[in-house]
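Source file: my_file.txt. Holds: compact mmCIF, C-alpha atoms and all ligand atoms.
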```txt
# COMPACT_ATOMS: atom_id res chain seq x y z
CA MET C 16 -8.88 6.46 0.99
CA ASN C 17 -6.20 4.83 3.13
CA THR C 18 -4.52 7.75 4.86
CA SER C 19 -2.57 5.87 7.48
CA PRO C 20 0.39 3.99 6.08
CA SER C 21 2.85 2.76 8.64
CA TYR C 22 6.02 4.83 9.01
CA LEU C 23 8.81 2.50 10.04
CA PHE C 24 12.21 3.57 11.26
CA ALA C 25 15.44 1.62 11.04
CA PRO C 26 17.11 0.05 12.90
CA ASN C 27 14.29 -1.03 15.22
CA ASP C 28 11.66 -1.33 12.57
CA LYS C 29 13.68 -3.24 10.02
CA ALA C 30 11.97 -6.36 11.33
CA LYS C 31 8.58 -4.71 10.82
CA PHE C 32 9.37 -3.89 7.21
CA LYS C 33 10.35 -7.53 6.78
CA GLU C 34 6.98 -8.44 8.31
CA TYR C 35 5.31 -6.10 5.85
CA LEU C 36 7.11 -7.80 2.96
CA GLN C 37 5.98 -11.15 4.29
CA SER C 38 2.44 -9.90 4.70
CA VAL C 39 2.27 -9.10 0.98
CA ASP C 40 3.75 -12.52 0.19
CA VAL C 41 6.75 -10.98 -1.48
CA SER C 42 8.23 -14.34 -2.41
CA LYS C 43 5.13 -15.10 -4.51
CA ILE C 44 4.62 -11.79 -6.27
CA LYS C 45 6.75 -9.64 -8.57
CA SER C 46 8.57 -6.68 -7.05
CA PHE C 47 9.83 -3.62 -8.86
CA ILE C 48 12.35 -1.16 -7.46
CA LEU C 49 12.33 2.33 -8.96
CA MET C 50 15.49 4.36 -8.47
CA ASP C 51 17.48 7.10 -10.12
CA THR C 52 21.07 7.02 -11.31
CA ASN C 53 22.43 8.03 -7.89
CA THR C 54 20.27 5.88 -5.67
CA LYS C 55 21.09 2.84 -7.81
CA LYS C 56 24.76 3.57 -7.16
CA GLN C 57 24.52 4.59 -3.50
CA CYS C 58 21.48 2.87 -1.99
CA LEU C 59 20.50 -0.27 -3.87
CA ASP C 60 23.21 -2.58 -2.49
CA LYS C 61 22.38 -1.68 1.08
CA PHE C 62 18.67 -2.05 0.46
CA VAL C 63 18.94 -5.51 -1.07
CA THR C 64 21.46 -6.59 1.58
CA ASP C 65 19.06 -5.45 4.31
CA PHE C 66 16.13 -7.13 2.56
CA PRO C 67 17.44 -10.18 0.65
CA GLU C 68 13.85 -11.25 0.05
CA LEU C 69 13.88 -8.54 -2.67
CA GLN C 70 16.94 -9.82 -4.50
CA ASN C 71 14.88 -11.00 -7.47
CA ALA C 72 13.13 -7.65 -7.90
CA ASP C 73 13.12 -6.00 -11.31
CA TYR C 74 14.85 -2.65 -11.47
CA ILE C 75 13.49 0.44 -13.16
CA MET C 76 15.90 3.34 -13.54
CA ILE C 77 15.32 6.99 -14.28
CA ARG C 78 18.00 9.67 -14.64
CA ASN C 79 18.35 11.80 -11.54
CA GLY C 80 17.04 15.34 -11.34
CA GLU C 81 13.82 17.32 -11.14
CA GLN C 82 13.73 17.65 -14.94
CA PHE C 83 13.05 13.90 -15.11
CA LYS C 84 10.01 14.14 -12.84
CA SER C 85 7.87 14.03 -15.94
CA LEU C 86 5.21 12.18 -17.86
CA GLU C 87 7.94 10.92 -20.19
CA SER C 88 9.63 9.17 -17.24
CA CYS C 89 6.25 7.78 -16.15
CA GLN C 90 5.83 6.32 -19.61
CA LEU C 91 9.15 4.49 -19.17
CA ILE C 92 7.91 3.17 -15.83
CA TRP C 93 4.53 2.05 -17.21
CA LYS C 94 6.23 0.49 -20.24
CA SER C 95 8.53 -1.50 -18.00
CA LEU C 96 5.65 -2.64 -15.77
CA THR C 97 3.57 -3.63 -18.80
CA GLU C 98 6.42 -5.51 -20.48
CA ASN C 99 7.01 -7.39 -17.24
CA PHE C 100 3.31 -8.24 -16.85
CA ALA C 101 3.01 -6.42 -13.52
CA GLU C 102 -0.30 -7.01 -11.73
CA ARG C 103 -2.11 -4.80 -9.28
CA ASN C 104 -1.05 -6.91 -6.31
CA ASP C 105 2.61 -6.90 -7.29
CA LEU C 106 4.82 -4.56 -5.27
CA PHE C 107 6.33 -1.30 -6.48
CA ILE C 108 9.09 0.20 -4.31
CA ASN C 109 10.34 3.78 -4.59
CA LEU C 110 14.00 3.90 -3.53
CA GLY C 111 15.12 7.49 -3.75
CA GLY C 112 14.57 11.13 -3.02
CA GLY C 113 11.39 13.14 -3.43
CA VAL C 114 11.51 12.98 -7.22
CA ILE C 115 11.40 9.19 -7.11
CA THR C 116 8.83 8.95 -4.29
CA ASP C 117 6.51 11.58 -5.89
CA MET C 118 6.75 10.19 -9.41
CA GLY C 119 6.92 6.49 -8.55
CA SER C 120 3.91 6.80 -6.26
CA PHE C 121 1.99 8.60 -9.01
CA ALA C 122 2.95 6.00 -11.61
CA ALA C 123 2.01 3.12 -9.31
CA SER C 124 -1.23 4.78 -8.19
CA VAL C 125 -2.62 4.89 -11.73
CA TYR C 126 -1.09 1.73 -13.23
CA LYS C 127 -4.03 -0.65 -13.73
CA ARG C 128 -5.95 1.78 -11.48
CA GLY C 129 -3.44 1.36 -8.70
CA MET C 130 -0.87 -1.22 -7.66
CA GLN C 131 0.50 -1.51 -4.15
CA PHE C 132 3.60 0.53 -3.49
CA CYS C 133 5.89 1.57 -0.69
CA ASN C 134 8.41 4.35 -0.16
CA VAL C 135 12.00 3.99 0.93
CA PRO C 136 13.11 7.64 1.04
CA THR C 137 16.85 8.18 0.77
CA SER C 138 17.15 12.00 0.93
CA LEU C 139 16.43 14.09 4.02
CA LEU C 140 13.73 15.95 2.13
CA ALA C 141 11.96 12.76 1.14
CA MET C 142 12.28 11.27 4.65
CA ILE C 143 10.64 14.17 6.45
CA ASP C 144 8.34 15.45 3.75
CA ALA C 145 7.90 14.08 0.23
CA ALA C 146 7.41 10.44 1.23
CA ILE C 147 4.96 11.34 3.99
CA GLY C 148 1.32 12.14 3.38
CA GLY C 149 0.34 10.65 0.06
CA LYS C 150 0.81 13.57 -2.34
CA THR C 151 2.14 12.21 -5.62
CA GLY C 152 2.85 13.82 -8.94
CA VAL C 153 4.98 14.99 -11.81
CA ASP C 154 5.79 18.40 -13.28
CA PHE C 155 4.09 19.49 -16.49
CA MET C 156 4.77 22.38 -18.90
CA GLY C 157 7.43 23.65 -16.52
CA LEU C 158 4.97 23.86 -13.63
CA LYS C 159 5.59 21.93 -10.43
CA ASN C 160 3.45 18.92 -9.59
CA MET C 161 0.71 19.85 -12.06
CA LEU C 162 -0.37 16.25 -12.56
CA GLY C 163 -0.80 13.99 -9.59
CA SER C 164 -3.00 12.21 -7.12
CA PHE C 165 -3.51 11.74 -3.41
CA ALA C 166 -2.32 8.18 -2.90
CA PRO C 167 -0.67 7.14 0.36
CA ALA C 168 1.99 4.46 0.23
CA ASN C 169 1.16 1.10 1.78
CA SER C 170 4.27 1.44 3.89
CA THR C 171 7.15 3.90 4.29
CA TYR C 172 10.49 2.70 5.59
CA ILE C 173 12.95 5.34 6.80
CA ASP C 174 16.60 4.46 7.36
CA ILE C 175 18.73 7.51 8.08
CA ASP C 176 21.91 5.60 7.22
CA TYR C 177 21.11 6.47 3.60
CA LEU C 178 21.91 10.09 4.48
CA LYS C 179 25.61 9.19 4.78
CA THR C 180 26.03 9.39 1.00
CA LEU C 181 23.67 12.31 0.41
CA PRO C 182 25.57 15.31 -1.02
CA ARG C 183 25.80 18.25 1.36
CA GLU C 184 23.73 20.60 -0.82
CA GLN C 185 20.93 18.02 -0.86
CA LEU C 186 21.06 17.68 2.93
CA ASN C 187 20.85 21.42 3.06
CA SER C 188 17.83 21.48 0.77
CA GLY C 189 16.00 18.94 2.94
CA TYR C 190 16.85 20.93 6.03
CA SER C 191 14.71 23.82 4.74
CA GLU C 192 11.63 21.59 4.88
CA LEU C 193 12.60 20.57 8.41
CA LEU C 194 12.72 24.23 9.44
CA LYS C 195 9.34 24.70 7.80
CA ILE C 196 7.60 21.89 9.69
CA ALA C 197 8.92 23.32 12.95
CA LEU C 198 7.82 26.84 12.00
CA VAL C 199 4.26 25.82 11.19
CA ALA C 200 3.72 23.13 13.79
CA SER C 201 6.07 23.11 16.77
CA LYS C 202 7.84 25.75 18.80
CA PRO C 203 9.73 23.09 20.84
CA LEU C 204 11.10 21.56 17.63
CA TRP C 205 12.10 25.03 16.36
CA GLU C 206 13.91 25.73 19.63
CA GLU C 207 15.69 22.40 19.37
CA LEU C 208 16.75 23.17 15.79
CA MET C 209 18.24 26.45 16.98
CA THR C 210 20.72 24.48 19.11
CA PHE C 211 22.72 22.73 16.39
CA GLU C 212 24.09 23.21 12.88
CA TYR C 213 22.13 21.76 9.98
CA ASN C 214 24.73 19.13 9.02
CA ASP C 215 24.41 17.50 12.48
CA ILE C 216 20.95 16.35 11.48
CA ILE C 217 22.34 13.04 10.24
CA ASN C 218 23.04 12.19 13.90
CA LYS C 219 19.56 13.14 15.12
CA PRO C 220 17.16 10.33 14.31
CA GLU C 221 14.75 11.52 17.01
CA ILE C 222 14.39 14.91 15.28
CA ILE C 223 13.65 13.24 11.96
CA ALA C 224 11.09 11.00 13.67
CA GLU C 225 9.47 14.04 15.33
CA ALA C 226 9.22 15.86 11.98
CA VAL C 227 7.56 12.79 10.44
CA ARG C 228 5.10 12.58 13.36
CA LEU C 229 4.25 16.27 13.03
CA LYS C 230 3.63 16.08 9.30
CA ASP C 231 1.69 12.84 9.59
CA GLY C 232 -0.44 14.32 12.39
CA ILE C 233 -1.47 17.20 10.14
CA VAL C 234 -2.10 14.96 7.13
CA GLN C 235 -4.26 12.59 9.16
CA GLN C 236 -6.56 15.49 10.08
CA ASP C 237 -6.79 16.81 6.52
CA PRO C 238 -5.55 14.29 3.95
CA GLN C 239 -6.79 16.20 0.88
CA GLU C 240 -5.58 19.68 1.90
CA GLU C 241 -8.96 21.26 2.47
CA ASN C 242 -7.91 23.20 5.56
CA ILE C 243 -5.08 22.66 8.05
CA ARG C 244 -2.80 20.76 5.67
CA LYS C 245 -2.42 24.11 3.91
CA LYS C 246 -0.20 25.10 6.87
CA LEU C 247 2.52 22.99 5.29
CA ASN C 248 2.52 25.36 2.31
CA PHE C 249 4.35 28.06 4.25
CA GLY C 250 7.21 29.24 2.02
CA HIS C 251 5.84 27.26 -0.91
CA THR C 252 3.72 29.84 -2.73
CA ILE C 253 6.68 32.03 -3.60
CA GLY C 254 9.04 29.03 -3.34
CA HIS C 255 7.24 26.94 -5.99
CA ALA C 256 6.96 29.89 -8.37
CA ILE C 257 10.68 30.58 -8.03
CA GLU C 258 11.49 26.87 -8.43
CA SER C 259 9.34 26.63 -11.59
CA TYR C 260 10.94 29.82 -12.90
CA SER C 261 14.42 28.48 -12.32
CA ILE C 262 13.59 25.11 -13.94
CA ILE C 263 12.44 26.96 -17.06
CA HIS C 264 15.27 29.52 -17.14
CA GLY C 265 18.24 28.21 -15.19
CA LYS C 266 21.13 26.10 -16.43
CA ASN C 267 21.42 24.85 -12.84
CA PRO C 268 17.88 25.05 -11.48
CA LEU C 269 17.49 25.74 -7.78
CA LEU C 270 16.95 22.70 -5.57
CA HIS C 271 13.44 22.39 -4.16
CA GLY C 272 14.47 23.14 -0.58
CA ASP C 273 16.57 26.11 -1.67
CA ALA C 274 13.60 27.62 -3.49
CA VAL C 275 11.48 26.95 -0.40
CA ALA C 276 14.12 28.69 1.72
CA ILE C 277 13.79 31.81 -0.46
CA GLY C 278 9.99 31.47 -0.21
CA MET C 279 10.20 31.17 3.58
CA ILE C 280 12.35 34.29 3.88
CA CYS C 281 9.93 36.31 1.71
CA GLU C 282 6.85 34.91 3.44
CA THR C 283 8.37 35.50 6.89
CA TRP C 284 8.96 39.11 5.88
CA ILE C 285 5.33 39.33 4.67
CA SER C 286 4.12 37.67 7.91
CA ASN C 287 5.77 40.51 9.80
CA LYS C 288 3.75 43.03 7.76
CA VAL C 289 0.44 41.13 7.54
CA SER C 290 -0.09 38.53 10.26
CA GLY C 291 1.64 40.08 13.25
CA LEU C 292 4.85 38.03 13.41
CA SER C 293 7.07 39.91 15.85
CA ASP C 294 10.20 41.77 14.71
CA ALA C 295 12.38 39.57 16.94
CA LEU C 296 11.03 36.29 15.53
CA THR C 297 11.15 37.63 11.98
CA ALA C 298 14.85 38.36 12.41
CA GLU C 299 15.51 35.02 14.15
CA ILE C 300 13.76 32.99 11.42
CA ILE C 301 15.33 34.84 8.50
CA ASN C 302 18.77 34.55 10.08
CA LYS C 303 18.41 30.81 10.70
CA VAL C 304 17.16 30.14 7.14
CA VAL C 305 19.93 32.24 5.56
CA VAL C 306 22.64 30.62 7.71
CA SER C 307 21.51 27.09 6.84
CA SER C 308 20.55 27.56 3.19
CA GLY C 309 22.74 30.40 1.97
CA LYS C 310 21.73 33.29 -0.23
CA TYR C 311 20.97 32.98 -3.94
CA LYS C 312 21.10 35.51 -6.76
CA LEU C 313 17.53 36.17 -7.72
CA ASN C 314 16.92 37.75 -11.07
CA VAL C 315 13.36 37.11 -12.10
CA ASP C 316 10.98 38.63 -14.57
CA LYS C 317 8.17 39.90 -12.36
CA ALA C 318 5.35 39.44 -14.88
CA GLU C 319 6.31 35.83 -15.54
CA LEU C 320 6.68 35.07 -11.86
CA LEU C 321 3.24 36.55 -11.24
CA ARG C 322 1.80 34.32 -13.98
CA MET C 323 3.29 31.33 -12.15
CA LEU C 324 1.95 32.50 -8.80
CA ARG C 325 -1.51 32.86 -10.36
CA ASN C 326 -1.27 29.30 -11.70
CA ASP C 327 -0.53 27.87 -8.26
CA LYS C 328 -2.70 24.88 -7.30
CA LYS C 329 -3.25 26.41 -3.87
CA ASN C 330 -5.21 29.39 -5.23
CA SER C 331 -8.95 29.75 -5.12
CA GLY C 332 -10.71 31.99 -7.61
CA SER C 333 -8.38 34.75 -8.69
CA ARG C 334 -6.72 35.08 -5.27
CA ILE C 335 -3.17 33.96 -4.63
CA ASN C 336 -3.35 32.10 -1.34
CA PHE C 337 -0.57 32.18 1.22
CA THR C 338 0.14 30.55 4.54
CA LEU C 339 1.69 33.06 6.91
CA LEU C 340 2.99 32.92 10.48
CA GLY C 341 1.57 34.74 13.50
CA ASP C 342 4.14 33.05 15.71
CA VAL C 343 6.36 29.99 15.53
CA GLY C 344 3.91 27.08 15.58
CA ASP C 345 1.00 29.37 14.66
CA ALA C 346 0.50 29.15 10.90
CA ARG C 347 -2.44 30.97 9.32
CA ILE C 348 -3.88 29.63 6.09
CA ASP C 349 -5.69 31.35 3.20
CA GLN C 350 -4.01 34.72 3.66
CA THR C 351 -4.26 37.19 0.81
CA PHE C 352 -2.77 40.64 0.29
CA SER C 353 -1.73 42.97 -2.50
CA GLU C 354 0.58 41.71 -5.24
CA GLU C 355 2.86 44.72 -4.56
CA LEU C 356 3.77 43.19 -1.22
CA ILE C 357 5.01 40.04 -2.97
CA PHE C 358 7.40 42.14 -5.04
CA GLU C 359 8.49 44.15 -2.03
CA ALA C 360 9.32 40.86 -0.30
CA LEU C 361 11.37 39.74 -3.32
CA SER C 362 13.21 43.08 -3.30
CA TYR C 363 13.88 42.58 0.40
CA TYR C 364 15.43 39.20 -0.41
CA PHE C 365 17.42 40.69 -3.28
CA TYR C 366 19.08 43.28 -1.04
CA LEU C 367 19.44 40.99 2.02
N1 LIG C 401 4.89 14.90 -2.04
C1 LIG C 401 5.19 15.84 -1.19
O1 LIG C 401 4.47 16.08 -0.22
C2 LIG C 401 6.45 16.64 -1.39
C3 LIG C 401 6.90 17.47 -0.37
C4 LIG C 401 8.11 18.15 -0.58
C5 LIG C 401 8.81 17.99 -1.75
N2 LIG C 401 8.32 17.17 -2.71
C6 LIG C 401 9.07 16.97 -3.97
O2 LIG C 401 10.30 16.34 -3.67
C7 LIG C 401 11.23 16.64 -4.72
C8 LIG C 401 12.57 17.00 -4.11
O3 LIG C 401 13.05 15.90 -3.38
P1 LIG C 401 14.61 15.67 -3.17
O4 LIG C 401 15.22 16.90 -2.66
O5 LIG C 401 14.78 14.42 -2.41
O6 LIG C 401 15.12 15.54 -4.67
P2 LIG C 401 15.70 14.30 -5.52
O7 LIG C 401 14.81 13.15 -5.48
O8 LIG C 401 16.05 14.88 -6.84
O9 LIG C 401 17.01 13.90 -4.72
C9 LIG C 401 18.06 14.82 -4.65
C10 LIG C 401 19.35 14.25 -5.25
O10 LIG C 401 19.94 13.42 -4.28
C11 LIG C 401 20.22 12.14 -4.85
N3 LIG C 401 20.08 11.19 -3.76
C12 LIG C 401 18.96 10.83 -3.10
N4 LIG C 401 19.27 10.03 -2.07
C13 LIG C 401 20.60 9.87 -2.09
C14 LIG C 401 21.53 9.18 -1.25
N5 LIG C 401 21.12 8.52 -0.16
N6 LIG C 401 22.83 9.24 -1.56
C15 LIG C 401 23.28 9.95 -2.63
N7 LIG C 401 22.46 10.64 -3.44
C16 LIG C 401 21.13 10.59 -3.16
C17 LIG C 401 19.24 12.00 -5.98
O11 LIG C 401 19.70 11.10 -6.95
C18 LIG C 401 19.17 13.42 -6.51
O12 LIG C 401 20.24 13.64 -7.38
C19 LIG C 401 10.64 17.79 -5.52
O13 LIG C 401 10.19 17.29 -6.74
C20 LIG C 401 9.46 18.24 -4.67
O14 LIG C 401 8.41 18.76 -5.45
C21 LIG C 401 7.17 16.49 -2.55
```

Same coordinates, now as structure tokens:
Amino acid sequence: MNTSPSYLFAPNDKAKFKEYLQSVDVSKIKSFILMDTNTKKQCLDKFVTDFPELQNADYIMIRNGEQFKSLESCQLIWKSLTENFAERNDLFINLGGGVITDMGSFAASVYKRGMQFCNVPTSLLAMIDAAIGGKTGVDFMGLKNMLGSFAPANSTYIDIDYLKTLPREQLNSGYSELLKIALVASKPLWEELMTFEYNDIINKPEIIAEAVRLKDGIVQQDPQEENIRKKLNFGHTIGHAIESYSIIHGKNPLLHGDAVAIGMICETWISNKVSGLSDALTAEIINKVVVSSGKYKLNVDKAELLRMLRNDKKNSGSRINFTLLGDVGDARIDQTFSEELIFEALSYYFYL
């Protein structure tokens, strides 16, 4: 499996992405650009202006939102590719946030057993996380990313100018994943993040590049999540269950990063009880996450949430697996403990 796509950063690497397009003979093949309602409006013009060699690309559009990260949307994508006689060596480009990069990569990775595709992430979350590392997928039966594949993009082009039109709450959601990568992989990055407010991130290309390097470094060592890649799941065991719960029950489901923020607060609290995270760091982390992501009303049915936690892909056997922190930059995988502690953590969040 190719686990080392190139990660290219604008402005310096615009020329390299052009080289990439040349290398796949873009003028001689068909290109398809997948986007959602918002990225068509906000990002397409810039993208085609930056890369006029793609001006004849076909467009495929999906409505925006996690609820459209589905097999039904994939069917629209595959139908469009089939009707346009797409071949395996044609080029499929995901222009959008994590929903588009996850789903488009999945759709491309199985179309005719895999066509070449690249990611152009336009949300902070997709730039530092979803578009990096080759995990693709869609939600199924209300459960997050139940169907998917490991399929790295042929190239990923990151231009932080796209963040200028990203709504604040989406920037905020992506920032949670940035905090997470620092917490599991880099004390220096965490300390740097403590020095500025989350909305300044759009002026910090070097921080975004560092987060990409950190994630890519972990993925390269463990592309299929057999061991150390599980570190990246910190906050995601409880976070995914809460996100799934809110997709099923909420009129306005929580954003991915907001659910992860709740998961990180609960799992930081549990780390303090189970894996020796100090009181001082526990307070510092929880404070930073609350300040940047806010506090949400959490009213969940415990039995249903437990069912979702038990259905988590990260489990082995009947155990719910967690990644906990011993320190900032010291993430411990495959941690298990009593289910009561999960509910105590949720109560802690509730009364925070
Ligand atoms: N594959 C992975 O490793 C991985 C990691 C983390 C998260 N994810 C997935 O990523 C998804 C969340 O990603 P997301 O937060 O980017 O969600 P998203 O794709 O829904 O994007 C968020 C919103 O911002 C809009 N948007 C995106 N870029 C914009 C721009 N430049 N200007 C204006 N609007 C813009 C989108 O249209 C959407 O409405 C979840 O499905 C999650 O499961 C995947």

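With all atoms listed in the file taken into account, the protein and nucleic acid residues at most 7 Å from segment 96-106 of chain C (excluding it and anything under 2 positions from it in its own chain) are Ile44, Lys45, Ser46, Phe47, Ile92, Trp93, Lys94, Ile108, Lys127, Gly129, Met130, Gln131 and Phe132 of chain C.
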
(request) Show which residues sit within 12 Å of Asn302 of chain C, as a PyMOL selection string. Count all atoms listed in the file, and ignore same-chain residues fewer than 2 positions away. (result) chain C and resi 194+209+276-277+279-280+283-284+295-300+304-310+364+367

Let me see if you get this right: every residue at most 7 Å from ligand LIG 401 (chain C), counting only C-alpha atoms and all ligand atoms, written as a compact mmCIF listing (two decimals) with C-alpha atoms, in the coordinates of the input.
```txt
# COMPACT_ATOMS: atom_id res chain seq x y z
CA ASP C 51 17.48 7.10 -10.12
CA THR C 52 21.07 7.02 -11.31
CA ASN C 53 22.43 8.03 -7.89
CA THR C 54 20.27 5.88 -5.67
CA GLN C 57 24.52 4.59 -3.50
CA CYS C 58 21.48 2.87 -1.99
CA ASN C 79 18.35 11.80 -11.54
CA GLY C 80 17.04 15.34 -11.34
CA GLU C 81 13.82 17.32 -11.14
CA LYS C 84 10.01 14.14 -12.84
CA GLY C 111 15.12 7.49 -3.75
CA GLY C 112 14.57 11.13 -3.02
CA GLY C 113 11.39 13.14 -3.43
CA VAL C 114 11.51 12.98 -7.22
CA ILE C 115 11.40 9.19 -7.11
CA ASP C 117 6.51 11.58 -5.89
CA THR C 137 16.85 8.18 0.77
CA SER C 138 17.15 12.00 0.93
CA LEU C 139 16.43 14.09 4.02
CA LEU C 140 13.73 15.95 2.13
CA ALA C 141 11.96 12.76 1.14
CA ASP C 144 8.34 15.45 3.75
CA ALA C 145 7.90 14.08 0.23
CA ALA C 146 7.41 10.44 1.23
CA ILE C 147 4.96 11.34 3.99
CA GLY C 148 1.32 12.14 3.38
CA GLY C 149 0.34 10.65 0.06
CA LYS C 150 0.81 13.57 -2.34
CA THR C 151 2.14 12.21 -5.62
CA LYS C 159 5.59 21.93 -10.43
CA ASN C 160 3.45 18.92 -9.59
CA TYR C 177 21.11 6.47 3.60
CA LEU C 178 21.91 10.09 4.48
CA LYS C 179 25.61 9.19 4.78
CA THR C 180 26.03 9.39 1.00
CA LEU C 181 23.67 12.31 0.41
CA PRO C 182 25.57 15.31 -1.02
CA GLN C 185 20.93 18.02 -0.86
CA SER C 188 17.83 21.48 0.77
CA GLY C 189 16.00 18.94 2.94
CA LEU C 270 16.95 22.70 -5.57
CA HIS C 271 13.44 22.39 -4.16
CA GLY C 272 14.47 23.14 -0.58
```

(message) Which residues are close to Asn214 of chain C, i.e. within 9 Å by only C-alpha atoms, leaving aside same-chain residues fewer than 2 positions away? Reply as a PyMOL selection string.
(response) chain C and resi 183+186-187+190+211-212+216-218+307

(message) My list of candidates is C:Gln82, C:Leu208, C:Lys56, C:Ala346. Which is closest to Asn267 of chain C when distances are computed with all atoms listed in the file?
(response)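 Among C:Gln82, C:Leu208, C:Lys56, C:Ala346, it is C:Gln82 that comes nearest to Asn267 of chain C.
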
(message) Here is a test: counting all atoms listed in the file, which residue of C:Glu221, C:Glu240, C:Glu282, C:Asp316 is nearest to Leu356 of chain C?
(response) C:Glu282

For Val234 of chain C, work out the shell of residues within 12 Å, counting only C-alpha atoms and skipping chain neighbours fewer than 3 positions away, then give it as a CSV table (one decimal) with C-alpha atoms, keeping the file's coordinate frame.
```csv
chain,number,residue,atom,x,y,z
C,17,ASN,CA,-6.2,4.8,3.1
C,18,THR,CA,-4.5,7.8,4.9
C,19,SER,CA,-2.6,5.9,7.5
C,20,PRO,CA,0.4,4.0,6.1
C,144,ASP,CA,8.3,15.4,3.8
C,147,ILE,CA,5.0,11.3,4.0
C,148,GLY,CA,1.3,12.1,3.4
C,149,GLY,CA,0.3,10.6,0.1
C,150,LYS,CA,0.8,13.6,-2.3
C,165,PHE,CA,-3.5,11.7,-3.4
C,167,PRO,CA,-0.7,7.1,0.4
C,227,VAL,CA,7.6,12.8,10.4
C,228,ARG,CA,5.1,12.6,13.4
C,229,LEU,CA,4.2,16.3,13.0
C,230,LYS,CA,3.6,16.1,9.3
C,231,ASP,CA,1.7,12.8,9.6
C,237,ASP,CA,-6.8,16.8,6.5
C,238,PRO,CA,-5.6,14.3,4.0
C,239,GLN,CA,-6.8,16.2,0.9
C,240,GLU,CA,-5.6,19.7,1.9
C,241,GLU,CA,-9.0,21.3,2.5
C,242,ASN,CA,-7.9,23.2,5.6
C,243,ILE,CA,-5.1,22.7,8.0
C,244,ARG,CA,-2.8,20.8,5.7
C,245,LYS,CA,-2.4,24.1,3.9
C,246,LYS,CA,-0.2,25.1,6.9
C,247,LEU,CA,2.5,23.0,5.3
```

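Comparing the minimum interatomic distances between Asn314 of chain C and each of C:Lys288, C:Arg347, C:His264, C:His251, counting all atoms listed in the file, we find that C:His264 sits nearest.
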
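Going from atom CA of Glu68 of chain C to atom CA of Phe32 of chain C covers 11.2 Å.
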
(message) Using Å and a single decimal, report how far atom CA of Gln235 of chain C sits from atom CA of His255 of chain C.
(response) 23.8 Å

(message) So, with all atoms listed in the file as the atoms that count, which of C:Gln90, C:Asn326, C:Ser191, C:Gln350 lies closest to Val153 of chain C?
(response)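 For Val153 of chain C, the nearest of the given residues is C:Gln90.
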